[in-house]
file query03.cif (mmCIF, C-alpha atoms)
data_input
#
loop_
_atom_site.label_atom_id
_atom_site.label_comp_id
_atom_site.auth_asym_id
_atom_site.auth_seq_id
_atom_site.Cartn_x
_atom_site.Cartn_y
_atom_site.Cartn_z
CA MET L 122 210.71 74.29 94.37
CA THR L 123 211.73 71.34 92.26
CA GLN L 124 209.57 70.66 89.25
CA PRO L 125 209.65 67.02 88.15
CA ALA L 126 210.47 65.84 84.64
CA ARG L 127 207.46 65.83 82.31
CA HIS L 128 206.56 63.85 79.19
CA LEU L 129 204.48 65.66 76.59
CA THR L 130 203.17 64.51 73.24
CA ALA L 131 203.51 66.74 70.22
CA THR L 132 203.74 66.52 66.43
CA ALA L 133 206.52 67.07 63.94
CA LEU L 134 204.77 68.70 60.96
CA ALA L 135 207.76 68.92 58.63
CA VAL L 136 211.51 68.41 58.35
CA LEU L 137 213.65 70.68 56.21
CA THR L 138 217.18 70.98 54.94
CA THR L 139 219.10 72.96 52.38
CA PRO L 140 220.24 71.53 49.07
CA ASP L 141 223.05 74.12 49.11
CA PRO L 142 225.24 74.56 52.22
CA GLY L 143 225.92 78.12 51.05
CA ASP L 144 222.23 78.96 51.39
CA PHE L 145 220.77 79.82 54.77
CA ARG L 146 217.22 78.84 53.69
CA THR L 147 215.84 75.29 53.93
CA ARG L 148 213.20 73.27 52.05
CA ARG L 149 210.84 70.48 53.09
CA VAL L 150 212.04 66.90 52.58
CA GLU L 151 210.36 63.57 53.37
CA SER L 152 212.86 62.71 56.08
CA LEU L 153 216.39 63.43 57.27
CA THR L 154 219.01 61.10 58.70
CA VAL L 155 221.16 62.78 61.33
CA ASP L 156 224.28 61.60 63.12
CA LEU L 157 225.81 62.88 66.36
CA GLN L 158 227.21 65.95 64.57
CA GLY L 159 223.96 66.98 62.92
CA ILE L 160 222.88 66.81 59.26
CA PRO L 161 225.76 65.50 57.11
CA GLY L 162 226.73 68.17 54.58
CA ASP L 163 224.83 70.94 56.38
CA ARG L 164 226.45 74.30 57.15
CA HIS L 165 225.91 73.67 60.89
CA TYR L 166 227.31 70.11 60.91
CA GLY L 167 229.95 69.45 63.57
CA PHE L 168 230.75 68.95 67.24
CA THR L 169 232.41 72.38 67.29
CA ARG L 170 231.93 75.73 65.59
CA PRO L 171 233.52 79.19 65.74
CA ALA L 172 231.94 81.61 68.23
CA GLY L 173 229.92 84.33 66.51
CA ALA L 174 227.95 87.49 67.24
CA ARG L 175 225.46 85.62 69.44
CA GLU L 176 228.29 84.63 71.83
CA ARG L 177 229.62 88.10 72.53
CA TRP L 178 231.33 86.80 75.66
CA TYR L 179 233.79 84.84 73.47
CA LYS L 180 236.31 86.35 71.12
CA SER L 181 234.85 86.00 67.61
CA GLY L 182 236.09 82.85 65.91
CA THR L 183 237.08 81.02 69.11
CA PRO L 184 236.35 77.32 68.59
CA ILE L 185 233.52 76.35 70.94
CA ARG L 186 231.37 73.28 71.47
CA SER L 187 228.41 73.53 69.13
CA GLY L 188 224.92 73.61 70.58
CA ARG L 189 223.53 74.73 67.23
CA GLN L 190 223.50 71.66 64.98
CA LEU L 191 219.83 72.05 63.98
CA THR L 192 217.02 74.50 64.66
CA VAL L 193 213.43 73.68 65.55
CA VAL L 194 210.47 76.07 65.31
CA ALA L 195 206.82 75.86 66.39
CA ALA L 196 203.92 76.48 64.01
CA GLU L 197 201.92 78.31 66.70
CA GLU L 198 204.78 80.71 67.41
CA LEU L 199 205.49 81.47 63.74
CA ALA L 200 201.79 82.29 63.36
CA VAL L 201 202.07 84.85 66.17
CA VAL L 202 205.20 86.38 64.62
CA ALA L 203 203.49 86.57 61.20
CA ALA L 204 200.47 88.29 62.73
CA ARG L 205 202.66 90.81 64.55
CA MET L 206 204.46 91.55 61.28
CA GLU L 207 201.16 91.72 59.34
CA LEU L 208 202.28 88.94 57.01
CA PRO L 209 200.09 86.09 55.71
CA GLU L 210 202.64 83.51 56.88
CA ILE L 211 206.26 82.83 57.74
CA ASP L 212 207.58 79.73 56.00
CA PRO L 213 209.94 77.86 58.37
CA GLY L 214 212.30 77.41 55.42
CA TRP L 215 212.78 81.18 55.06
CA ILE L 216 214.42 81.31 58.49
CA GLY L 217 216.49 78.16 57.99
CA ALA L 218 214.54 75.85 60.32
CA ASN L 219 215.15 72.08 60.17
CA VAL L 220 212.06 70.89 62.05
CA LEU L 221 208.56 72.39 62.37
CA VAL L 222 206.56 71.17 65.37
CA ALA L 223 203.10 71.82 66.79
CA GLY L 224 201.35 71.14 70.10
CA ILE L 225 203.69 72.69 72.70
CA ALA L 226 202.87 76.05 74.30
CA ASP L 227 205.82 78.38 74.92
CA PHE L 228 207.96 76.13 72.75
CA THR L 229 210.88 78.56 72.52
CA LEU L 230 211.10 78.72 76.30
CA LEU L 231 211.20 74.97 76.89
CA PRO L 232 213.91 74.28 79.47
CA TRP L 233 217.44 73.57 78.26
CA GLY L 234 218.06 69.84 78.28
CA THR L 235 214.53 69.03 77.07
CA ARG L 236 214.68 65.99 74.76
CA LEU L 237 212.62 65.55 71.59
CA PHE L 238 212.18 61.83 70.77
CA PHE L 239 211.30 61.03 67.14
CA GLY L 240 209.92 57.57 67.92
CA GLU L 241 212.68 55.02 67.44
CA GLY L 242 214.60 57.54 65.36
CA ALA L 243 216.73 60.49 66.36
CA VAL L 244 216.69 62.26 69.73
CA LEU L 245 217.38 66.01 69.86
CA VAL L 246 218.46 68.01 72.93
CA ASN L 247 217.32 71.60 73.52
CA GLU L 248 220.37 73.86 73.87
CA GLY L 249 218.43 77.07 74.28
CA ASP L 250 216.31 79.63 72.50
CA ASN L 251 217.43 80.86 69.12
CA ALA L 252 217.88 84.63 69.19
CA PRO L 253 216.19 86.27 66.18
CA CYS L 254 218.70 87.90 63.85
CA ARG L 255 218.55 90.30 60.91
CA PHE L 256 219.89 87.54 58.67
CA ALA L 257 216.67 85.56 59.11
CA GLY L 258 214.68 88.78 58.96
CA ALA L 259 216.30 89.64 55.63
CA ALA L 260 215.26 86.25 54.25
CA ILE L 261 211.65 87.00 55.17
CA ALA L 262 211.96 90.48 53.64
CA ARG L 263 213.00 88.94 50.31
CA ALA L 264 209.65 87.14 50.15
CA PHE L 265 207.77 90.45 50.51
CA PRO L 266 209.68 92.96 48.35
CA GLU L 267 206.82 95.48 48.60
CA ARG L 268 207.39 95.88 52.37
CA THR L 269 210.32 97.73 53.99
CA GLY L 270 211.96 97.23 57.38
CA LEU L 271 210.84 93.62 57.76
CA ASP L 272 214.35 92.50 58.78
CA MET L 273 214.45 94.66 61.91
CA LEU L 274 210.75 94.12 62.59
CA PHE L 275 211.38 90.35 62.69
CA VAL L 276 214.03 90.78 65.40
CA GLN L 277 211.44 92.49 67.62
CA ALA L 278 208.41 90.41 66.67
CA ALA L 279 210.15 87.04 67.08
CA LYS L 280 211.57 87.60 70.56
CA ASN L 281 211.00 84.39 72.58
CA LEU L 282 209.12 82.95 69.56
CA ARG L 283 211.91 81.99 67.15
CA GLY L 284 212.30 78.40 68.31
CA ILE L 285 215.30 76.57 69.72
CA VAL L 286 218.72 75.30 68.75
CA VAL L 287 219.40 71.61 69.34
CA THR L 288 222.07 68.95 69.15
CA VAL L 289 221.66 65.29 68.31
CA GLU L 290 221.90 62.93 71.30
CA ARG L 291 220.98 59.76 69.40
CA ALA L 292 221.53 59.37 65.67
CA GLY L 293 218.64 58.31 63.46
CA LEU L 294 215.71 59.45 61.37
CA LEU L 295 213.82 62.74 61.63
CA ALA L 296 210.42 62.57 59.92
CA PRO L 297 206.96 64.09 60.31
CA GLY L 298 204.80 62.30 62.87
CA PRO L 299 204.21 62.10 66.61
CA ILE L 300 207.10 63.06 68.89
CA THR L 301 207.62 62.81 72.64
CA VAL L 302 208.96 65.82 74.52
CA LYS L 303 210.71 65.15 77.85
CA THR L 304 211.50 68.15 80.05
CA PRO L 305 214.22 67.70 82.69
CA LYS L 306 213.73 67.97 86.41
CA GLN L 307 213.90 71.69 87.14
CA LYS L 308 214.52 74.11 89.93
CA THR L 309 211.96 76.91 89.73
CA GLY L 310 211.82 80.06 91.78
CA GLY L 311 213.94 80.38 94.90
CA THR L 312 217.31 82.04 95.13
CA LEU L 313 220.58 80.70 93.89
CA LEU L 314 222.93 82.41 96.32
CA MET W 230 206.77 83.68 83.58
CA THR W 231 210.15 84.23 82.02
CA GLN W 232 213.06 84.50 84.42
CA PRO W 233 215.97 86.52 83.00
CA ALA W 234 219.55 85.27 82.81
CA ARG W 235 221.51 85.83 86.03
CA HIS W 236 225.20 86.29 86.79
CA LEU W 237 226.42 84.94 90.12
CA THR W 238 229.87 84.93 91.68
CA ALA W 239 231.18 81.77 93.29
CA THR W 240 234.47 80.09 94.10
CA ALA W 241 236.25 77.04 92.75
CA LEU W 242 237.88 75.48 95.83
CA ALA W 243 239.69 72.64 94.09
CA VAL W 244 240.19 70.84 90.79
CA LEU W 245 240.74 67.10 90.66
CA THR W 246 241.63 64.39 88.19
CA THR W 247 242.71 60.79 88.22
CA PRO W 248 246.27 59.67 87.58
CA ASP W 249 244.82 56.33 86.40
CA PRO W 250 241.97 56.26 83.85
CA GLY W 251 241.02 52.85 85.24
CA ASP W 252 240.28 54.39 88.64
CA PHE W 253 236.99 56.14 89.28
CA ARG W 254 238.42 58.26 92.10
CA THR W 255 240.15 61.62 91.58
CA ARG W 256 242.83 63.62 93.42
CA ARG W 257 243.47 67.33 93.84
CA VAL W 258 245.85 68.96 91.35
CA GLU W 259 247.02 72.58 91.01
CA SER W 260 245.20 73.07 87.72
CA LEU W 261 243.78 71.21 84.72
CA THR W 262 243.83 72.09 81.05
CA VAL W 263 240.71 70.95 79.24
CA ASP W 264 239.84 70.91 75.55
CA LEU W 265 236.41 70.66 73.91
CA GLN W 266 236.25 66.91 74.65
CA GLY W 267 237.09 67.20 78.34
CA ILE W 268 240.26 66.22 80.23
CA PRO W 269 242.77 64.60 77.84
CA GLY W 270 243.44 61.03 79.00
CA ASP W 271 240.43 60.93 81.33
CA ARG W 272 237.94 58.05 81.27
CA HIS W 273 235.15 60.51 80.35
CA TYR W 274 237.07 62.26 77.55
CA GLY W 275 235.19 62.51 74.25
CA PHE W 276 232.37 64.10 72.28
CA THR W 277 230.46 60.82 72.44
CA ARG W 278 230.06 57.94 74.88
CA PRO W 279 228.06 54.71 75.07
CA ALA W 280 224.65 54.99 76.77
CA GLY W 281 224.64 53.39 80.22
CA ALA W 282 222.32 52.55 83.10
CA ARG W 283 221.49 56.23 83.70
CA GLU W 284 220.02 56.48 80.17
CA ARG W 285 217.53 53.63 80.46
CA TRP W 286 215.60 55.06 77.51
CA TYR W 287 218.49 54.12 75.19
CA LYS W 288 219.64 50.60 74.46
CA SER W 289 222.78 50.04 76.53
CA GLY W 290 225.92 50.81 74.54
CA THR W 291 224.22 53.02 71.95
CA PRO W 292 226.67 55.79 71.01
CA ILE W 293 225.24 59.09 72.26
CA ARG W 294 226.47 62.65 72.50
CA SER W 295 228.30 63.01 75.80
CA GLY W 296 227.05 65.52 78.33
CA ARG W 297 229.26 63.94 80.99
CA GLN W 298 232.81 65.10 80.27
CA LEU W 299 233.45 66.35 83.82
CA THR W 300 231.56 66.46 87.10
CA VAL W 301 231.28 69.39 89.49
CA VAL W 302 230.19 69.20 93.13
CA ALA W 303 229.42 71.82 95.79
CA ALA W 304 231.08 71.85 99.21
CA GLU W 305 227.84 72.88 100.95
CA GLU W 306 225.93 69.97 99.42
CA LEU W 307 228.60 67.36 100.23
CA ALA W 308 228.48 68.60 103.84
CA VAL W 309 224.72 67.94 103.94
CA VAL W 310 225.19 64.46 102.46
CA ALA W 311 227.95 63.67 104.97
CA ALA W 312 225.74 64.80 107.87
CA ARG W 313 222.84 62.67 106.63
CA MET W 314 225.18 59.68 106.41
CA GLU W 315 226.72 60.46 109.83
CA LEU W 316 230.18 60.73 108.29
CA PRO W 317 232.82 63.33 109.23
CA GLU W 318 233.25 64.30 105.56
CA ILE W 319 232.89 63.23 101.95
CA ASP W 320 236.02 63.90 99.96
CA PRO W 321 235.05 65.04 96.42
CA GLY W 322 237.75 62.71 95.09
CA TRP W 323 236.00 59.64 96.51
CA ILE W 324 233.06 60.24 94.20
CA GLY W 325 235.19 61.11 91.16
CA ALA W 326 234.49 64.86 91.07
CA ASN W 327 236.66 67.11 88.89
CA VAL W 328 235.74 70.49 90.39
CA LEU W 329 234.66 71.47 93.92
CA VAL W 330 232.82 74.79 94.17
CA ALA W 331 231.29 76.86 96.97
CA GLY W 332 228.89 79.79 97.17
CA ILE W 333 225.86 78.65 95.13
CA ALA W 334 222.70 77.46 96.89
CA ASP W 335 220.89 74.51 95.29
CA PHE W 336 223.92 73.95 93.10
CA THR W 337 222.78 70.53 91.84
CA LEU W 338 219.52 72.05 90.61
CA LEU W 339 221.07 74.90 88.66
CA PRO W 340 219.28 75.09 85.31
CA TRP W 341 220.66 73.12 82.38
CA GLY W 342 222.67 75.42 80.14
CA THR W 343 224.14 77.35 83.09
CA ARG W 344 227.73 78.36 82.24
CA LEU W 345 230.64 78.32 84.69
CA PHE W 346 233.35 80.79 83.60
CA PHE W 347 236.83 80.18 85.03
CA GLY W 348 238.07 83.73 84.39
CA GLU W 349 239.84 83.81 81.03
CA GLY W 350 240.21 80.03 81.19
CA ALA W 351 237.75 77.25 80.45
CA VAL W 352 233.97 77.58 80.31
CA LEU W 353 231.82 74.63 81.42
CA VAL W 354 228.14 74.04 80.52
CA ASN W 355 225.70 72.40 82.94
CA GLU W 356 224.18 69.32 81.31
CA GLY W 357 222.09 68.30 84.29
CA ASP W 358 222.19 66.82 87.74
CA ASN W 359 224.36 63.80 88.36
CA ALA W 360 222.24 60.92 89.67
CA PRO W 361 223.89 59.30 92.72
CA CYS W 362 224.95 55.72 92.01
CA ARG W 363 226.12 52.77 94.09
CA PHE W 364 229.51 52.97 92.36
CA ALA W 365 230.23 56.31 94.05
CA GLY W 366 228.59 55.04 97.23
CA ALA W 367 230.93 52.04 97.23
CA ALA W 368 233.95 54.34 96.97
CA ILE W 369 232.76 56.18 100.08
CA ALA W 370 232.15 52.87 101.84
CA ARG W 371 235.77 51.87 101.23
CA ALA W 372 236.91 54.88 103.29
CA PHE W 373 234.80 53.72 106.25
CA PRO W 374 235.24 49.94 106.42
CA GLU W 375 233.65 49.81 109.89
CA ARG W 376 230.27 50.95 108.49
CA THR W 377 227.92 48.80 106.41
CA GLY W 378 225.33 49.83 103.82
CA LEU W 379 226.98 53.15 103.01
CA ASP W 380 226.72 52.51 99.27
CA MET W 381 222.93 52.36 99.23
CA LEU W 382 222.66 55.06 101.90
CA PHE W 383 224.62 57.42 99.62
CA VAL W 384 222.11 56.92 96.81
CA GLN W 385 219.31 58.15 99.11
CA ALA W 386 221.27 60.82 100.99
CA ALA W 387 222.74 62.43 97.88
CA LYS W 388 219.51 62.87 95.92
CA ASN W 389 219.57 66.38 94.35
CA LEU W 390 222.88 67.02 96.16
CA ARG W 391 225.42 65.09 94.09
CA GLY W 392 226.40 67.93 91.78
CA ILE W 393 226.20 68.25 88.02
CA VAL W 394 227.70 66.85 84.84
CA VAL W 395 229.19 69.35 82.41
CA THR W 396 230.79 69.68 79.02
CA VAL W 397 233.49 72.11 77.93
CA GLU W 398 232.26 75.00 75.79
CA ARG W 399 235.58 76.86 75.66
CA ALA W 400 238.92 75.13 76.11
CA GLY W 401 241.37 76.43 78.70
CA LEU W 402 242.51 76.26 82.29
CA LEU W 403 240.52 75.09 85.32
CA ALA W 404 242.05 76.26 88.58
CA PRO W 405 240.93 77.24 92.08
CA GLY W 406 239.74 80.84 92.34
CA PRO W 407 236.72 83.01 91.65
CA ILE W 408 234.28 81.81 88.98
CA THR W 409 231.26 83.44 87.35
CA VAL W 410 228.04 81.44 87.04
CA LYS W 411 225.60 82.50 84.29
CA THR W 412 222.13 80.97 84.35
CA PRO W 413 220.16 81.04 81.09
CA LYS W 414 216.88 82.82 80.53
CA GLN W 415 214.26 80.44 81.86
CA LYS W 416 210.60 79.70 81.65
CA THR W 417 209.24 79.07 85.14
CA GLY W 418 205.81 77.89 86.11
CA GLY W 419 203.02 77.91 83.55
CA THR W 420 201.91 74.99 81.44
CA LEU W 421 203.66 73.57 78.46
CA LEU W 422 200.67 72.20 76.58
#
call {"tool": "encode", "arguments": {"input": "query03.cif", "output": "structure tokens"}}
result
Amino acid sequence: MTQPARHLTATALAVLTTPDPGDFRTRRVESLTVDLQGIPGDRHYGFTRPAGARERWYKSGTPIRSGRQLTVVAAEELAVVAARMELPEIDPGWIGANVLVAGIADFTLLPWGTRLFFGEGAVLVNEGDNAPCRFAGAAIARAFPERTGLDMLFVQAAKNLRGIVVTVERAGLLAPGPITVKTPKQKTGGTLL
Amino acid sequence: MTQPARHLTATALAVLTTPDPGDFRTRRVESLTVDLQGIPGDRHYGFTRPAGARERWYKSGTPIRSGRQLTVVAAEELAVVAARMELPEIDPGWIGANVLVAGIADFTLLPWGTRLFFGEGAVLVNEGDNAPCRFAGAAIARAFPERTGLDMLFVQAAKNLRGIVVTVERAGLLAPGPITVKTPKQKTGGTLL
């Protein structure tokens, strides 16, 4: 079965970046200007990056094409993760997100190749779900020093809910406001061989 | 429904490139060495490219991130297109393909983000189906001067059968032989809003 491309309307609630490339965490800003390599000055800026623990099929450090220029998370999904972890909230900045959106169900599982159009501004391309890691979990744990084990709990609680990694297809502005989400034509079901 | 990642085994039958970057058509070679921007010297080499007619949602000529470094076609699909066009064959070189594979059903509709591993050599990432164009159709028409209208017929006959565009995730060798095809975890069915 071939599923046609779809256009959905959603909302960007916030954009975030880090004032310090050495710091994993991000903070809300009014807007961000991105180019085709990502956020200038950001730790994830670049067409390429070294392969890491998430790409176990490559020797660590191998230069690979970067699909991880920015990360995008969904407010609805973070609320589910917070509830599972019995936390009042998870701030998108604690886990290093660059964009917070709302209005799309199953956001983390949007098909690869889905485009997010920020009006006449930037266009981002979905390059897959962002696997939860202890690094992000540890950042959440720091906000709740009275709790233990939050880092590992996050890895479990955030499975398929931690948002996506994206690259920039068209340079421009990222700012809060309405966005258009275009999913690609998809093959669903059936066999591949 | 979430469909897990799958590993499939297939075969690369041929690799092709053009001796002349001005020429759209490609010819078989023993092997190709690609880097993270594609085939050095090729007309599609680069991290970026100008938007064209296929990206009608961008102003023509806008610099965008390139997802079209190489193209890959499937022998089974070209055979179907040739039969629909009542042609004895379609040579992958006529339509500018860089890799000819066999063994994957519905190859053109493989999910975005599917990886093609050429053993310890290069790794290619599926960036979507390649829309058939009159340019490729015209190259086929040139091989059959006694037939008319083949260019437009190709556009219809090759829908969802014209193969995919890819980028290079890991640099290395592309050569005929066994390849491994890894589809990403996918969301199938369901609603997005």
call {"tool": "resolve_selection", "arguments": {"input": "query03.cif", "expression": "the PyMOL selection byres ((chain W) within 9 of (chain L))", "output": "NGL selection string"}}
result
:W and (231-232 or 237-239 or 265-266 or 276-277 or 287 or 291-295 or 332-336 or 338-342 or 356-358 or 396-400 or 413-418 or 420-422)
call {"tool": "write_last_selection", "arguments": {"input": "query03.cif", "atoms": "C-alpha atoms", "output": "mmCIF file, in the coordinates of the input"}}
result
data_model
loop_
_atom_site.group_PDB
_atom_site.id
_atom_site.type_symbol
_atom_site.label_atom_id
_atom_site.label_comp_id
_atom_site.auth_asym_id
_atom_site.auth_seq_id
_atom_site.Cartn_x
_atom_site.Cartn_y
_atom_site.Cartn_z
ATOM 1 C CA THR W 231 210.150 84.230 82.020
ATOM 2 C CA GLN W 232 213.060 84.500 84.420
ATOM 3 C CA LEU W 237 226.420 84.940 90.120
ATOM 4 C CA THR W 238 229.870 84.930 91.680
ATOM 5 C CA ALA W 239 231.180 81.770 93.290
ATOM 6 C CA LEU W 265 236.410 70.660 73.910
ATOM 7 C CA GLN W 266 236.250 66.910 74.650
ATOM 8 C CA PHE W 276 232.370 64.100 72.280
ATOM 9 C CA THR W 277 230.460 60.820 72.440
ATOM 10 C CA TYR W 287 218.490 54.120 75.190
ATOM 11 C CA THR W 291 224.220 53.020 71.950
ATOM 12 C CA PRO W 292 226.670 55.790 71.010
ATOM 13 C CA ILE W 293 225.240 59.090 72.260
ATOM 14 C CA ARG W 294 226.470 62.650 72.500
ATOM 15 C CA SER W 295 228.300 63.010 75.800
ATOM 16 C CA GLY W 332 228.890 79.790 97.170
ATOM 17 C CA ILE W 333 225.860 78.650 95.130
ATOM 18 C CA ALA W 334 222.700 77.460 96.890
ATOM 19 C CA ASP W 335 220.890 74.510 95.290
ATOM 20 C CA PHE W 336 223.920 73.950 93.100
ATOM 21 C CA LEU W 338 219.520 72.050 90.610
ATOM 22 C CA LEU W 339 221.070 74.900 88.660
ATOM 23 C CA PRO W 340 219.280 75.090 85.310
ATOM 24 C CA TRP W 341 220.660 73.120 82.380
ATOM 25 C CA GLY W 342 222.670 75.420 80.140
ATOM 26 C CA GLU W 356 224.180 69.320 81.310
ATOM 27 C CA GLY W 357 222.090 68.300 84.290
ATOM 28 C CA ASP W 358 222.190 66.820 87.740
ATOM 29 C CA THR W 396 230.790 69.680 79.020
ATOM 30 C CA VAL W 397 233.490 72.110 77.930
ATOM 31 C CA GLU W 398 232.260 75.000 75.790
ATOM 32 C CA ARG W 399 235.580 76.860 75.660
ATOM 33 C CA ALA W 400 238.920 75.130 76.110
ATOM 34 C CA PRO W 413 220.160 81.040 81.090
ATOM 35 C CA LYS W 414 216.880 82.820 80.530
ATOM 36 C CA GLN W 415 214.260 80.440 81.860
ATOM 37 C CA LYS W 416 210.600 79.700 81.650
ATOM 38 C CA THR W 417 209.240 79.070 85.140
ATOM 39 C CA GLY W 418 205.810 77.890 86.110
ATOM 40 C CA THR W 420 201.910 74.990 81.440
ATOM 41 C CA LEU W 421 203.660 73.570 78.460
ATOM 42 C CA LEU W 422 200.670 72.200 76.580
#
call {"tool": "residues_around", "arguments": {"input": "query03.cif", "residues": "Leu402 in chain W", "least_positions_apart": "6", "cutoff": "7 Å", "atoms": "only C-alpha atoms", "output": "short mmCIF file (atom, residue, chain, number, x, y, z; two decimals) with C-alpha atoms, keeping the file's coordinate frame"}}
result
data_model
loop_
_atom_site.label_atom_id
_atom_site.label_comp_id
_atom_site.auth_asym_id
_atom_site.auth_seq_id
_atom_site.Cartn_x
_atom_site.Cartn_y
_atom_site.Cartn_z
CA SER W 260 245.20 73.07 87.72
CA LEU W 261 243.78 71.21 84.72
CA THR W 262 243.83 72.09 81.05
CA VAL W 263 240.71 70.95 79.24
CA GLY W 350 240.21 80.03 81.19
CA ALA W 351 237.75 77.25 80.45
#
call {"tool": "resolve_selection", "arguments": {"input": "query03.cif", "expression": "the PyMOL selection byres ((chain W and resi 325) around 8)", "output": "JSON, numbers by chain"}}
result
{"W": [246, 253, 254, 255, 300, 321, 322, 323, 324, 326, 327, 365]}
call {"tool": "write_last_selection", "arguments": {"input": "query03.cif", "atoms": "C-alpha atoms", "output": "compact mmCIF listing (two decimals), in the coordinates of the input"}}
result
# COMPACT_ATOMS: atom_id res chain seq x y z
CA THR W 246 241.63 64.39 88.19
CA PHE W 253 236.99 56.14 89.28
CA ARG W 254 238.42 58.26 92.10
CA THR W 255 240.15 61.62 91.58
CA THR W 300 231.56 66.46 87.10
CA PRO W 321 235.05 65.04 96.42
CA GLY W 322 237.75 62.71 95.09
CA TRP W 323 236.00 59.64 96.51
CA ILE W 324 233.06 60.24 94.20
CA ALA W 326 234.49 64.86 91.07
CA ASN W 327 236.66 67.11 88.89
CA ALA W 365 230.23 56.31 94.05
call {"tool": "atom_distance", "arguments": {"input": "query03.cif", "atom1": "CA of Arg313 in chain W", "atom2": "CA of Leu245 in chain W"}}
result
24.4 Å
call {"tool": "closest_residue", "arguments": {"input": "query03.cif", "among": "W:Glu284, W:Glu306, W:Ala234, W:Gly378", "to": "Leu329 in chain W", "atoms": "only C-alpha atoms"}}
result
W:Glu306
call {"tool": "axis_aligned_box", "arguments": {"input": "query03.cif", "around": "range 362-367 of chain W", "padding_each_side": "8 Å", "output": "AutoDock Vina command-line options"}}
result
--center_x 227.9 --center_y 54.2 --center_z 94.6 --size_x 22.0 --size_y 20.3 --size_z 21.2
call {"tool": "atom_distance", "arguments": {"input": "query03.cif", "atom1": "CA of Ile268 in chain W", "atom2": "CA of Pro250 in chain W"}}
result
10.7 Å
call {"tool": "residues_around", "arguments": {"input": "query03.cif", "residues": "range 264-269 of chain L", "least_positions_apart": "4", "cutoff": "9 Å", "atoms": "only C-alpha atoms", "output": "compact mmCIF listing (two decimals) with C-alpha atoms, in the coordinates of the input"}}
result
# COMPACT_ATOMS: atom_id res chain seq x y z
CA LEU L 208 202.28 88.94 57.01
CA TRP L 215 212.78 81.18 55.06
CA ALA L 259 216.30 89.64 55.63
CA ALA L 260 215.26 86.25 54.25
call {"tool": "resolve_selection", "arguments": {"input": "query03.cif", "expression": "the PyMOL selection byres ((chain W and resi 407) around 6)", "output": "list in words"}}
result
Ala239, Thr240, Gly406 and Ile408 of chain W
call {"tool": "write_last_selection", "arguments": {"input": "query03.cif", "atoms": "C-alpha atoms", "output": "compact mmCIF listing (two decimals), in the coordinates of the input"}}
result
# COMPACT_ATOMS: atom_id res chain seq x y z
CA ALA W 239 231.18 81.77 93.29
CA THR W 240 234.47 80.09 94.10
CA GLY W 406 239.74 80.84 92.34
CA ILE W 408 234.28 81.81 88.98
call {"tool": "atom_distance", "arguments": {"input": "query03.cif", "atom1": "CA of Val244 in chain W", "atom2": "CA of Arg257 in chain W"}}
result
5.7 Å
call {"tool": "decode", "arguments": {"input": "query03.cif", "residues": "range 325-333 of chain W", "atoms": "N, CA, C and O atoms", "output": "PDB file, in the first residue's frame"}}
result
ATOM      1  N   GLY W 325      20.836   7.820 -16.285  1.00  0.00           N
ATOM      2  CA  GLY W 325      21.789   8.468 -15.382  1.00  0.00           C
ATOM      3  C   GLY W 325      21.978   7.801 -14.041  1.00  0.00           C
ATOM      4  O   GLY W 325      22.498   8.425 -13.108  1.00  0.00           O
ATOM      5  N   ALA W 326      21.590   6.513 -13.919  1.00  0.00           N
ATOM      6  CA  ALA W 326      21.726   5.836 -12.618  1.00  0.00           C
ATOM      7  C   ALA W 326      23.191   5.604 -12.263  1.00  0.00           C
ATOM      8  O   ALA W 326      24.044   5.458 -13.142  1.00  0.00           O
ATOM      9  N   ASN W 327      23.487   5.555 -10.958  1.00  0.00           N
ATOM     10  CA  ASN W 327      24.840   5.287 -10.488  1.00  0.00           C
ATOM     11  C   ASN W 327      24.998   3.889  -9.906  1.00  0.00           C
ATOM     12  O   ASN W 327      26.110   3.380  -9.819  1.00  0.00           O
ATOM     13  N   VAL W 328      23.880   3.289  -9.471  1.00  0.00           N
ATOM     14  CA  VAL W 328      23.934   1.920  -8.945  1.00  0.00           C
ATOM     15  C   VAL W 328      22.700   1.176  -9.446  1.00  0.00           C
ATOM     16  O   VAL W 328      21.590   1.734  -9.461  1.00  0.00           O
ATOM     17  N   LEU W 329      22.908  -0.079  -9.867  1.00  0.00           N
ATOM     18  CA  LEU W 329      21.809  -0.965 -10.260  1.00  0.00           C
ATOM     19  C   LEU W 329      21.768  -2.100  -9.248  1.00  0.00           C
ATOM     20  O   LEU W 329      22.765  -2.793  -9.043  1.00  0.00           O
ATOM     21  N   VAL W 330      20.609  -2.275  -8.593  1.00  0.00           N
ATOM     22  CA  VAL W 330      20.501  -3.337  -7.592  1.00  0.00           C
ATOM     23  C   VAL W 330      19.431  -4.343  -8.007  1.00  0.00           C
ATOM     24  O   VAL W 330      18.624  -4.081  -8.908  1.00  0.00           O
ATOM     25  N   ALA W 331      19.421  -5.491  -7.326  1.00  0.00           N
ATOM     26  CA  ALA W 331      18.380  -6.496  -7.539  1.00  0.00           C
ATOM     27  C   ALA W 331      18.089  -7.184  -6.217  1.00  0.00           C
ATOM     28  O   ALA W 331      18.958  -7.240  -5.341  1.00  0.00           O
ATOM     29  N   GLY W 332      16.857  -7.660  -6.057  1.00  0.00           N
ATOM     30  CA  GLY W 332      16.520  -8.466  -4.887  1.00  0.00           C
ATOM     31  C   GLY W 332      15.599  -7.808  -3.878  1.00  0.00           C
ATOM     32  O   GLY W 332      15.262  -8.414  -2.862  1.00  0.00           O
ATOM     33  N   ILE W 333      15.190  -6.558  -4.118  1.00  0.00           N
ATOM     34  CA  ILE W 333      14.305  -5.857  -3.180  1.00  0.00           C
ATOM     35  C   ILE W 333      13.001  -5.517  -3.906  1.00  0.00           C
ATOM     36  O   ILE W 333      13.014  -4.804  -4.913  1.00  0.00           O
TER      37      ILE W 333
END
